[in-house]
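Asks: One file is attached below, query-v1.cif, containing mmCIF, C-alpha atoms and all ligand atoms.
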data_my_file
#
loop_
_atom_site.label_atom_id
_atom_site.label_comp_id
_atom_site.auth_asym_id
_atom_site.auth_seq_id
_atom_site.Cartn_x
_atom_site.Cartn_y
_atom_site.Cartn_z
CA MET A 1 24.26 -3.38 -10.99
CA THR A 2 24.68 -3.11 -14.74
CA ALA A 3 25.19 -6.09 -17.04
CA LYS A 4 28.75 -5.97 -18.43
CA THR A 5 28.62 -6.73 -22.15
CA THR A 6 29.76 -5.25 -25.44
CA ASN A 7 26.80 -6.67 -27.39
CA PRO A 8 25.12 -3.68 -29.17
CA ALA A 9 21.61 -5.12 -28.66
CA ALA A 10 22.29 -5.45 -24.96
CA LYS A 11 23.65 -1.88 -24.97
CA SER A 12 20.43 -0.48 -26.39
CA ARG A 13 18.45 -2.56 -23.91
CA ARG A 14 20.52 -1.03 -21.09
CA LYS A 15 19.77 2.44 -22.44
CA SER A 16 16.01 1.89 -22.30
CA ILE A 17 16.32 0.54 -18.76
CA ALA A 18 18.33 3.58 -17.73
CA GLU A 19 15.61 5.82 -19.12
CA THR A 20 13.03 4.22 -16.88
CA GLY A 21 14.97 4.25 -13.62
CA PRO A 22 18.12 2.91 -12.00
CA ALA A 23 20.15 0.36 -13.95
CA VAL A 24 19.33 -3.26 -13.20
CA GLU A 25 21.03 -6.50 -13.94
CA VAL A 26 19.30 -7.97 -16.98
CA ILE A 27 18.34 -11.57 -16.45
CA THR A 28 16.71 -13.57 -19.17
CA GLY A 29 14.97 -16.63 -17.82
CA PRO A 30 12.08 -18.78 -18.94
CA ARG A 31 8.70 -17.86 -17.53
CA VAL A 32 7.95 -20.09 -14.55
CA GLU A 33 4.42 -21.36 -15.01
CA PRO A 34 2.67 -22.16 -11.73
CA LYS A 35 2.26 -25.83 -12.62
CA ARG A 36 3.39 -27.07 -9.23
CA ASP A 37 0.79 -28.04 -6.67
CA VAL A 38 2.66 -25.97 -4.15
CA LEU A 39 3.95 -22.60 -5.34
CA ASN A 40 7.52 -21.73 -4.34
CA ILE A 41 7.84 -18.21 -2.96
CA GLY A 42 11.16 -16.46 -2.37
CA VAL A 43 11.09 -13.58 0.11
CA ILE A 44 13.68 -10.78 -0.09
CA GLY A 45 14.11 -8.77 3.12
CA TYR A 46 13.72 -10.15 6.64
CA GLY A 47 13.84 -6.92 8.65
CA TYR A 48 10.72 -5.49 10.32
CA TRP A 49 7.99 -6.46 7.82
CA GLY A 50 9.50 -9.49 6.02
CA PRO A 51 8.96 -11.83 9.03
CA ASN A 52 5.20 -11.11 8.84
CA LEU A 53 5.18 -12.15 5.18
CA VAL A 54 7.15 -15.33 5.86
CA ARG A 55 4.96 -16.28 8.85
CA ASN A 56 1.74 -15.83 6.82
CA PHE A 57 3.01 -17.40 3.59
CA ALA A 58 4.06 -20.42 5.69
CA GLU A 59 0.37 -20.88 6.59
CA LEU A 60 -0.77 -21.14 2.95
CA ALA A 61 -1.95 -24.56 1.85
CA ASP A 62 -0.82 -24.27 -1.77
CA ALA A 63 2.39 -22.25 -1.42
CA ARG A 64 5.54 -22.38 0.66
CA VAL A 65 8.45 -20.15 1.50
CA HIS A 66 11.21 -21.78 -0.54
CA THR A 67 14.01 -19.26 0.19
CA VAL A 68 14.55 -16.10 2.22
CA ALA A 69 17.24 -13.64 1.10
CA ASP A 70 18.64 -10.89 3.29
CA LEU A 71 21.96 -9.05 3.31
CA ASN A 72 22.06 -9.48 7.07
CA PRO A 73 23.31 -12.96 8.09
CA LYS A 74 21.86 -12.50 11.60
CA ALA A 75 18.35 -12.19 10.11
CA LEU A 76 18.96 -15.39 8.16
CA GLU A 77 20.00 -17.23 11.34
CA THR A 78 16.57 -16.39 12.75
CA VAL A 79 14.87 -17.73 9.61
CA ALA A 80 16.87 -20.97 9.76
CA ARG A 81 15.90 -21.45 13.41
CA ARG A 82 12.19 -20.71 12.89
CA PHE A 83 11.74 -22.35 9.48
CA PRO A 84 14.31 -25.16 9.12
CA ALA A 85 12.89 -26.29 5.74
CA THR A 86 13.42 -22.84 4.19
CA LYS A 87 16.66 -22.08 2.34
CA VAL A 88 18.49 -18.87 3.19
CA THR A 89 20.88 -16.71 1.17
CA THR A 90 22.52 -13.29 1.25
CA ASP A 91 22.36 -13.18 -2.57
CA ALA A 92 18.91 -11.99 -3.67
CA MET A 93 19.86 -12.09 -7.35
CA ALA A 94 20.83 -15.78 -7.09
CA MET A 95 17.45 -16.47 -5.51
CA ILE A 96 15.70 -14.55 -8.30
CA ARG A 97 17.53 -16.69 -10.88
CA ASP A 98 16.65 -19.98 -9.17
CA PRO A 99 14.31 -21.88 -11.56
CA GLU A 100 12.58 -23.49 -8.58
CA ILE A 101 11.20 -20.09 -7.48
CA ASP A 102 7.77 -19.17 -8.92
CA ALA A 103 7.13 -15.87 -7.13
CA VAL A 104 9.26 -13.28 -5.37
CA ALA A 105 8.05 -11.13 -2.44
CA ILE A 106 10.09 -7.97 -1.86
CA ALA A 107 10.16 -6.44 1.64
CA THR A 108 13.29 -4.32 1.41
CA PRO A 109 13.70 -0.52 1.67
CA VAL A 110 11.76 1.40 -1.01
CA SER A 111 14.92 2.58 -2.77
CA THR A 112 15.65 -1.05 -3.73
CA HIS A 113 12.12 -2.00 -4.90
CA PHE A 114 12.44 -1.05 -8.55
CA SER A 115 15.67 -2.85 -9.36
CA LEU A 116 14.74 -6.02 -7.45
CA ALA A 117 11.19 -6.17 -8.84
CA MET A 118 12.37 -5.51 -12.40
CA ALA A 119 15.00 -8.25 -12.10
CA ALA A 120 12.39 -10.68 -10.74
CA LEU A 121 9.92 -9.91 -13.54
CA ARG A 122 12.64 -10.30 -16.15
CA ALA A 123 13.47 -13.68 -14.67
CA GLY A 124 9.82 -14.65 -15.22
CA LYS A 125 8.73 -14.50 -11.57
CA HIS A 126 5.41 -13.24 -10.25
CA VAL A 127 6.00 -10.35 -7.85
CA TRP A 128 4.62 -9.26 -4.49
CA LEU A 129 6.00 -5.80 -3.81
CA GLU A 130 5.76 -3.92 -0.54
CA LYS A 131 4.17 -0.49 -0.34
CA PRO A 132 4.98 2.01 -1.62
CA MET A 133 5.63 0.21 -4.86
CA THR A 134 8.50 2.40 -6.08
CA GLU A 135 10.17 5.77 -5.48
CA THR A 136 8.71 7.29 -8.67
CA SER A 137 5.58 6.81 -10.76
CA MET A 138 7.80 6.35 -13.84
CA GLN A 139 9.40 3.31 -12.20
CA ALA A 140 5.94 2.00 -11.21
CA ARG A 141 4.75 2.32 -14.81
CA ALA A 142 7.84 0.46 -16.09
CA LEU A 143 7.12 -2.46 -13.72
CA ILE A 144 3.45 -2.60 -14.77
CA GLU A 145 4.46 -2.74 -18.44
CA GLU A 146 7.08 -5.42 -17.79
CA ALA A 147 4.59 -7.59 -15.88
CA GLN A 148 1.94 -7.13 -18.59
CA LYS A 149 4.40 -7.98 -21.34
CA ARG A 150 5.32 -11.22 -19.62
CA GLY A 151 1.86 -12.20 -18.37
CA LEU A 152 3.02 -12.10 -14.76
CA THR A 153 1.13 -11.12 -11.61
CA LEU A 154 2.26 -7.86 -10.02
CA HIS A 155 0.76 -7.44 -6.57
CA VAL A 156 1.45 -4.46 -4.29
CA ASP A 157 1.05 -5.00 -0.55
CA HIS A 158 -1.43 -2.36 0.62
CA THR A 159 -2.35 -4.43 3.64
CA PHE A 160 -5.28 -2.33 4.91
CA VAL A 161 -7.32 -3.19 1.84
CA TYR A 162 -7.41 -6.80 3.09
CA THR A 163 -8.57 -6.04 6.66
CA GLY A 164 -12.10 -6.80 7.89
CA PRO A 165 -12.92 -3.26 9.12
CA VAL A 166 -11.81 -1.61 5.86
CA LYS A 167 -13.83 -4.11 3.80
CA LYS A 168 -16.85 -3.38 6.00
CA MET A 169 -16.37 0.37 5.48
CA ARG A 170 -16.22 -0.19 1.72
CA ASP A 171 -19.40 -2.31 1.77
CA MET A 172 -21.27 0.36 3.75
CA VAL A 173 -20.09 3.21 1.54
CA GLN A 174 -20.69 1.33 -1.71
CA ASN A 175 -24.21 0.19 -0.81
CA GLY A 176 -25.19 3.71 0.19
CA GLU A 177 -25.73 3.11 3.93
CA LEU A 178 -23.87 6.32 4.80
CA GLY A 179 -25.90 8.41 2.37
CA LYS A 180 -23.74 10.83 0.41
CA THR A 181 -20.18 10.57 1.72
CA LEU A 182 -18.85 13.97 2.80
CA TYR A 183 -15.40 13.51 4.29
CA TYR A 184 -12.60 11.20 5.51
CA ASP A 185 -10.44 12.41 8.38
CA SER A 186 -7.48 10.38 9.65
CA THR A 187 -4.84 10.72 12.35
CA ARG A 188 -1.93 8.28 12.04
CA VAL A 189 0.79 9.38 14.45
CA ASN A 190 3.31 7.91 16.90
CA LEU A 191 6.97 8.18 17.90
CA GLY A 192 8.96 6.73 14.96
CA LEU A 193 9.87 4.70 13.10
CA PHE A 194 11.97 7.39 11.36
CA GLN A 195 12.77 6.15 7.85
CA ARG A 196 15.96 6.99 5.97
CA ASP A 197 14.86 6.68 2.37
CA VAL A 198 11.21 7.87 2.36
CA ASN A 199 9.26 10.66 4.02
CA VAL A 200 6.29 10.25 6.36
CA ILE A 201 3.83 10.60 3.44
CA ALA A 202 5.32 7.59 1.63
CA ASP A 203 5.59 5.66 4.90
CA LEU A 204 2.27 6.39 6.67
CA ALA A 205 -0.08 8.54 4.56
CA VAL A 206 0.09 5.90 1.82
CA HIS A 207 -2.03 3.67 4.11
CA ASP A 208 -4.80 6.29 4.08
CA PHE A 209 -4.43 6.84 0.34
CA SER A 210 -5.00 3.11 -0.16
CA ILE A 211 -7.98 2.98 2.22
CA ILE A 212 -9.62 5.99 0.54
CA ASP A 213 -9.02 4.60 -2.95
CA TYR A 214 -10.51 1.22 -1.99
CA VAL A 215 -13.42 2.40 0.18
CA PHE A 216 -14.66 5.32 -1.92
CA ASP A 217 -13.56 4.19 -5.39
CA GLN A 218 -12.71 7.76 -6.30
CA HIS A 219 -9.47 9.42 -7.35
CA PRO A 220 -8.69 12.95 -6.13
CA THR A 221 -8.47 15.80 -8.58
CA ALA A 222 -6.06 17.85 -6.47
CA VAL A 223 -3.87 17.66 -3.39
CA SER A 224 -2.46 20.22 -0.98
CA ALA A 225 -0.02 19.34 1.79
CA SER A 226 2.09 20.99 4.45
CA GLY A 227 4.86 19.32 6.34
CA ILE A 228 8.36 19.62 7.67
CA ASN A 229 11.57 17.83 8.50
CA HIS A 230 12.53 19.00 11.97
CA TYR A 231 15.97 17.40 11.65
CA PRO A 232 18.02 18.70 8.70
CA GLY A 233 19.17 16.05 6.27
CA THR A 234 16.32 13.67 7.14
CA PRO A 235 13.01 13.13 5.27
CA GLU A 236 9.90 15.09 6.33
CA ASN A 237 8.63 13.61 9.60
CA LEU A 238 5.22 15.33 9.86
CA ALA A 239 2.59 16.20 7.26
CA PHE A 240 -1.00 17.37 6.91
CA ILE A 241 -2.49 16.39 3.57
CA THR A 242 -5.80 17.40 2.00
CA LEU A 243 -7.22 15.56 -0.99
CA PHE A 244 -9.94 17.19 -3.10
CA TYR A 245 -12.51 15.30 -5.16
CA GLU A 246 -14.82 16.24 -8.01
CA THR A 247 -17.91 15.18 -6.02
CA GLY A 248 -17.26 17.63 -3.17
CA PHE A 249 -15.96 14.80 -0.98
CA ILE A 250 -12.82 15.87 0.93
CA ALA A 251 -10.14 13.88 2.78
CA HIS A 252 -7.65 15.01 5.38
CA VAL A 253 -4.72 12.94 6.62
CA ASN A 254 -2.46 13.85 9.56
CA VAL A 255 0.73 11.76 9.77
CA SER A 256 3.72 12.04 12.07
CA TRP A 257 6.72 10.14 13.43
CA LEU A 258 7.00 12.71 16.21
CA ALA A 259 3.97 12.21 18.46
CA PRO A 260 4.18 11.17 22.12
CA VAL A 261 1.33 8.67 21.74
CA LYS A 262 0.20 6.28 19.06
CA ILE A 263 -3.09 7.22 17.40
CA ARG A 264 -4.68 5.34 14.51
CA SER A 265 -8.08 6.90 14.09
CA ILE A 266 -10.35 7.50 11.11
CA ILE A 267 -13.71 9.29 10.90
CA ILE A 268 -15.93 9.04 7.85
CA GLY A 269 -18.87 11.42 7.57
CA GLY A 270 -21.94 10.73 5.48
CA THR A 271 -25.29 12.47 5.28
CA GLU A 272 -27.08 9.45 6.83
CA LYS A 273 -24.46 7.76 9.01
CA MET A 274 -20.96 8.34 10.29
CA ILE A 275 -18.19 5.84 11.06
CA THR A 276 -15.27 5.84 13.47
CA PHE A 277 -12.42 3.35 13.14
CA ASP A 278 -9.91 3.03 15.97
CA GLU A 279 -7.42 0.40 14.89
CA LEU A 280 -5.83 0.19 18.33
CA GLN A 281 -8.98 -0.91 20.18
CA PRO A 282 -8.89 -4.61 21.11
CA SER A 283 -12.53 -5.00 20.00
CA GLU A 284 -15.28 -2.85 18.52
CA LYS A 285 -12.72 -1.05 16.37
CA LEU A 286 -15.46 0.06 14.00
CA LYS A 287 -18.48 2.03 15.22
CA ILE A 288 -21.43 3.30 13.21
CA TYR A 289 -23.30 6.38 14.37
CA ASP A 290 -26.78 7.30 13.25
CA LYS A 291 -25.98 11.00 13.50
CA GLY A 292 -26.29 13.89 11.13
CA VAL A 293 -27.67 17.32 10.47
CA SER A 294 -30.47 18.74 8.39
CA PHE A 295 -31.07 22.30 7.31
CA THR A 296 -34.56 23.64 6.91
CA ASP A 297 -35.70 24.18 3.37
CA ASP A 298 -38.58 26.39 4.44
CA PRO A 299 -37.92 29.68 2.57
CA ALA A 300 -39.56 31.62 5.40
CA LYS A 301 -37.02 30.29 7.89
CA ILE A 302 -33.92 30.32 5.69
CA HIS A 303 -32.49 33.45 7.35
CA GLU A 304 -32.67 31.82 10.76
CA MET A 305 -30.12 29.16 9.67
CA ARG A 306 -32.12 26.44 11.43
CA VAL A 307 -30.08 23.30 11.82
CA GLY A 308 -31.60 20.07 13.04
CA TYR A 309 -29.28 17.57 14.75
CA ARG A 310 -30.07 13.88 14.55
CA THR A 311 -28.54 11.74 17.28
CA GLY A 312 -29.67 8.15 17.00
CA ASP A 313 -28.12 4.80 17.88
CA MET A 314 -24.50 3.75 17.79
CA TRP A 315 -23.48 0.14 17.08
CA ALA A 316 -20.32 -1.84 16.47
CA PRO A 317 -20.79 -4.20 13.49
CA LYS A 318 -19.20 -7.64 13.36
CA VAL A 319 -16.15 -7.59 11.13
CA ASP A 320 -13.90 -10.32 9.78
CA GLY A 321 -11.00 -10.64 12.24
CA SER A 322 -8.72 -12.73 9.97
CA GLU A 323 -5.12 -11.59 9.69
CA ALA A 324 -4.96 -9.38 6.61
CA LEU A 325 -1.65 -10.79 5.34
CA LEU A 326 -3.06 -14.31 5.34
CA VAL A 327 -6.13 -13.18 3.37
CA GLU A 328 -3.83 -11.26 1.04
CA GLY A 329 -1.41 -14.18 0.66
CA LYS A 330 -4.29 -16.47 -0.43
CA HIS A 331 -5.47 -13.79 -2.86
CA PHE A 332 -1.95 -13.47 -4.34
CA VAL A 333 -1.69 -17.22 -4.95
CA ASP A 334 -5.23 -17.34 -6.38
CA CYS A 335 -4.37 -14.49 -8.77
CA ILE A 336 -1.24 -16.33 -9.97
CA ARG A 337 -2.97 -19.69 -10.41
CA ASN A 338 -6.14 -18.39 -12.02
CA ASN A 339 -4.75 -15.38 -13.87
CA LYS A 340 -6.85 -12.91 -11.86
CA LYS A 341 -6.18 -9.23 -11.26
CA PRO A 342 -5.11 -8.51 -7.67
CA THR A 343 -7.28 -5.98 -5.80
CA SER A 344 -4.08 -4.02 -5.12
CA ASP A 345 -2.46 -4.58 -8.51
CA GLY A 346 0.26 -2.56 -10.20
CA GLU A 347 -2.22 0.15 -11.29
CA PHE A 348 -3.42 0.51 -7.69
CA GLY A 349 0.20 0.80 -6.54
CA PHE A 350 0.86 3.32 -9.32
CA ARG A 351 -2.00 5.58 -8.15
CA MET A 352 -0.53 5.53 -4.64
CA VAL A 353 2.95 6.50 -5.86
CA GLU A 354 1.45 9.26 -7.99
CA LEU A 355 -0.34 10.64 -4.92
CA ILE A 356 2.83 10.46 -2.80
CA GLU A 357 4.68 12.41 -5.50
CA ALA A 358 1.95 15.06 -5.73
CA ALA A 359 1.58 15.44 -1.95
CA THR A 360 5.36 15.66 -1.52
CA ALA A 361 5.64 18.30 -4.27
CA SER A 362 2.85 20.30 -2.63
CA MET A 363 4.48 20.01 0.81
CA ARG A 364 7.78 21.25 -0.60
CA GLY A 365 5.89 24.15 -2.21
CA ARG A 366 4.33 25.10 1.16
CA GLY A 367 0.89 23.79 0.42
CA GLU A 368 0.70 24.74 -3.26
CA THR A 369 -2.28 22.96 -4.85
CA ILE A 370 -1.16 20.21 -7.22
CA HIS A 371 -3.72 19.10 -9.78
CA LEU A 372 -3.76 15.41 -10.59
CA PRO A 373 -4.13 14.00 -14.09
CA LYS A 374 -7.63 12.77 -14.90
CA ASN A 375 -6.53 9.91 -17.11
CA THR A 376 -5.51 7.67 -14.23
CA SER A 377 -6.52 4.04 -13.99
CA LYS A 378 -9.40 5.01 -11.67
N1 LIG A 401 2.41 -3.32 4.31
C1 LIG A 401 2.68 -2.74 5.45
O1 LIG A 401 1.81 -2.44 6.25
C2 LIG A 401 4.12 -2.45 5.77
C3 LIG A 401 4.53 -2.23 7.09
C4 LIG A 401 5.87 -1.97 7.33
C5 LIG A 401 6.78 -1.92 6.26
N2 LIG A 401 6.31 -2.12 5.00
C6 LIG A 401 7.22 -2.02 3.85
O2 LIG A 401 8.12 -3.10 3.85
C7 LIG A 401 9.35 -2.71 3.26
C8 LIG A 401 10.48 -3.02 4.22
O3 LIG A 401 10.30 -2.26 5.39
P1 LIG A 401 10.96 -2.72 6.78
O4 LIG A 401 10.44 -1.76 7.79
O5 LIG A 401 10.80 -4.17 6.97
O6 LIG A 401 12.50 -2.38 6.49
P2 LIG A 401 13.78 -2.93 7.30
O7 LIG A 401 14.86 -1.96 7.03
O8 LIG A 401 13.39 -3.24 8.72
O9 LIG A 401 14.11 -4.32 6.61
C9 LIG A 401 14.59 -4.40 5.31
C10 LIG A 401 15.44 -5.67 5.20
O10 LIG A 401 15.84 -5.80 3.84
C11 LIG A 401 17.20 -6.23 3.80
N3 LIG A 401 17.75 -5.84 2.51
C12 LIG A 401 17.96 -4.60 2.02
N4 LIG A 401 18.43 -4.63 0.75
C13 LIG A 401 18.52 -5.96 0.43
C14 LIG A 401 18.94 -6.66 -0.74
N5 LIG A 401 19.36 -6.02 -1.84
N6 LIG A 401 18.93 -8.01 -0.70
C15 LIG A 401 18.50 -8.68 0.38
N7 LIG A 401 18.10 -8.06 1.52
C16 LIG A 401 18.10 -6.73 1.53
C17 LIG A 401 17.84 -5.54 4.98
O11 LIG A 401 19.03 -6.23 5.40
C18 LIG A 401 16.73 -5.62 6.03
O12 LIG A 401 16.82 -6.78 6.82
C19 LIG A 401 9.20 -1.22 2.93
O13 LIG A 401 8.78 -1.07 1.61
C20 LIG A 401 8.08 -0.77 3.86
O14 LIG A 401 7.36 0.35 3.39
C21 LIG A 401 5.03 -2.40 4.74
#
Would you mind writing the file's structure down as structure tokens?

Replies:
Amino acid sequence: MTAKTTNPAAKSRRKSIAETGPAVEVITGPRVEPKRDVLNIGVIGYGYWGPNLVRNFAELADARVHTVADLNPKALETVARRFPATKVTTDAMAMIRDPEIDAVAIATPVSTHFSLAMAALRAGKHVWLEKPMTETSMQARALIEEAQKRGLTLHVDHTFVYTGPVKKMRDMVQNGELGKTLYYDSTRVNLGLFQRDVNVIADLAVHDFSIIDYVFDQHPTAVSASGINHYPGTPENLAFITLFYETGFIAHVNVSWLAPVKIRSIIIGGTEKMITFDELQPSEKLKIYDKGVSFTDDPAKIHEMRVGYRTGDMWAPKVDGSEALLVEGKHFVDCIRNNKKPTSDGEFGFRMVELIEAATASMRGRGETIHLPKNTSK
């Protein structure tokens, strides 16, 4: 939607918006300071993921779901039945304009993220944006700048970062328990859900990109990917992505919407310890193995290629089992109230979009290596 006006200042404003992505309706509203005891959140999108946001936000002590907007009236009937105190509307822009709303959470298809988030920021609302943040890194950058300019919180929902097992993996890697980290290898496959507006890299591999970024605190220098769309006219449904790092660390991610079984498995290899993470296990999802290899440094034996294998204990550490979205919801509200930087802030989201773009370009170039800029926020 484009604002209809003949005002020359508004015209030039429209031009700069057009340069940074799709046209949006320009809303000028006063910044809503979070002065209320209970923060009013408006949620846009009540399809597959939106209900999880609403359910978890409803549990927060110092925030509430004020309004849910969805184009689908049937979805809104469900909201009204489950949450009678929550307002519903098919008009997301009216909700964004509502002065009672302090923060807007956007759980709509990726192609709509930029225009909705930009409109919310321009109306002075703090924003929770679903992954991946935007379709392009240029759009992501424009949202970051808008949020900075207005002193608003921009949070991107990379849910894995807020899970107990991923936090445990980060702790172990960061305090050196694994020794030197060598590789990350992930398989994230199942049948569906085929997406219409994004490929399997933006839909599934982005989870691994976020886990790697958070756990290892490193940004890749290059990416190479192969993948295919088996059904013409649809986005790529299968991809194998390799990320290269300056330190010699390497990551491989296998994602697919076309597998007969669901697999969510990660292996992390270090010189001292190795980790497996099977998200689908009911318990003991995370296992630590005291396994590794050593090569002889005796010059006399170097030609014999003597490898020593260490096979010690395996244990399953206790991890925080709290629902990630609840932890993340509390973090979002804390960031708004106390002007803190979210763990998965706009810059984090930007790095993910940049990686999706690079991996997709490589995939479309049949595995051509794409070098990533060094001057990222990492
Ligand atoms: N964080 C996670 O782990 C996770 C998991 C799944 C999905 N997601 C993300 O959540 C977002 C939504 O995915 P989904 O699977 O729920 O999609 P979906 O298609 O199931 O639901 C989207 C909903 O948004 C509504 N909608 C679309 N445009 C709208 C508009 N302009 N105004 C109001 N409502 C509108 C649709 O009617 C639909 O109900 C995507 O960005 C996706 O990547 C995140």

Asks: Name the closest residue to Lys168 in chain A among the candidates A:Glu354, A:Asp320, A:Asp334, A:Glu328; distances are taken between atoms, counting only C-alpha atoms.

Replies: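 So, comparing all the options, the nearest one is A:Asp320.
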
Asks: When you look at Ala85 in chain A with a cut-off of 9 Å (counting all atoms listed in the file), what residues show up, excluding the ones that are within fewer than 2 positions of it in the same chain? I need them as a PyMOL selection string.

Replies: chain A and resi 65-66+80+83+87

Asks: How far is it from CA of Val79 in chain A to CA of Thr134 in chain A, in Å with one decimal?

Replies: 26.3 Å

Asks: Report as a list in words which protein, DNA and RNA residues come within 6 Å of ligand LIG 401 (chain A), using only C-alpha atoms and all ligand atoms.

Replies: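 Listing the residues within 6 Å of ligand LIG 401 (chain A) gives Ile44, Gly45, Tyr46, Gly47, Tyr48, Trp49, Gly50, Ala69, Asp70, Leu71, Asn72, Ala92, Ala107, Thr108, Pro109, Val110, Glu130, Lys131, Pro132, Asp157, His158, Thr159 and Asp203 of chain A.
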
Asks: Would you work out the distance separating CA of Gln148 in chain A from CA of Gly329 in chain A, expressed in Å to one decimal?

Replies: 20.8 Å

Asks: Excluding range 169-183 of chain A and residues on its chain fewer than 4 positions from it, collect all residues at most 8 Å away from it, counting all atoms listed in the file, and give them as a PyMOL selection string.

Replies: chain A and resi 165+214-216+248-252+268-274

Asks: Given the selection you just returned, output its residues as a file containing C-alpha atoms, formatted as an mmCIF file, in the coordinates of the input.

Replies:
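Output file part12.cif follows:
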data_model
loop_
_atom_site.group_PDB
_atom_site.id
_atom_site.type_symbol
_atom_site.label_atom_id
_atom_site.label_comp_id
_atom_site.auth_asym_id
_atom_site.auth_seq_id
_atom_site.Cartn_x
_atom_site.Cartn_y
_atom_site.Cartn_z
ATOM 1 C CA PRO A 165 -12.920 -3.260 9.120
ATOM 2 C CA TYR A 214 -10.510 1.220 -1.990
ATOM 3 C CA VAL A 215 -13.420 2.400 0.180
ATOM 4 C CA PHE A 216 -14.660 5.320 -1.920
ATOM 5 C CA GLY A 248 -17.260 17.630 -3.170
ATOM 6 C CA PHE A 249 -15.960 14.800 -0.980
ATOM 7 C CA ILE A 250 -12.820 15.870 0.930
ATOM 8 C CA ALA A 251 -10.140 13.880 2.780
ATOM 9 C CA HIS A 252 -7.650 15.010 5.380
ATOM 10 C CA ILE A 268 -15.930 9.040 7.850
ATOM 11 C CA GLY A 269 -18.870 11.420 7.570
ATOM 12 C CA GLY A 270 -21.940 10.730 5.480
ATOM 13 C CA THR A 271 -25.290 12.470 5.280
ATOM 14 C CA GLU A 272 -27.080 9.450 6.830
ATOM 15 C CA LYS A 273 -24.460 7.760 9.010
ATOM 16 C CA MET A 274 -20.960 8.340 10.290
#

Asks: Which is closest to Ala361 in chain A among A:Pro84, A:Gly151, A:Gly227, A:Gly124, if we use all atoms listed in the file?

Replies: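 For Ala361 in chain A, the nearest of the given residues is A:Gly227.
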
Asks: Tell me which of A:Thr276, A:Thr242, A:Thr221, A:Thr296 sits closest to Pro373 in chain A, counting all atoms listed in the file.

Replies: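 With all atoms listed in the file as the atom set, the closest residue is A:Thr221.
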
Asks: So that I can see what lies close to Leu258 in chain A, please list as a list of chain:residue names the residues with an atom at most 9 Å from it, counting only C-alpha atoms and leaving out residues fewer than 4 positions away in the same chain.

Replies: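 The neighbour list is A:Val189, A:Asn190, A:Leu191, A:Gly192, A:Phe194, A:Asn237, A:Leu238.
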
Asks: Quick one, how far is CA of Phe160 in chain A from CA of Leu325 in chain A?

Replies: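 CA of Phe160 in chain A sits 9.2 Å away from CA of Leu325 in chain A.
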
Asks: Closest to Ala119 in chain A among A:Asp313, A:Leu326, A:Met93, A:Ile101, using only C-alpha atoms?

Replies: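 Closest candidate: A:Met93.
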
Asks: Go through A:Gly292, A:Gly365, A:Pro232, A:Gly321 and flag the residue nearest Tyr162 in chain A, using all atoms listed in the file for the distances.

Replies: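 Smallest separation from Tyr162 in chain A among the options: A:Gly321.
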
Asks: With distances taken over all atoms listed in the file, which of A:Ile106, A:Leu76, A:Val333, A:Met352 is nearest to Val38 in chain A?

Replies: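 Ranked by minimum distance to Val38 in chain A, first place goes to A:Val333.
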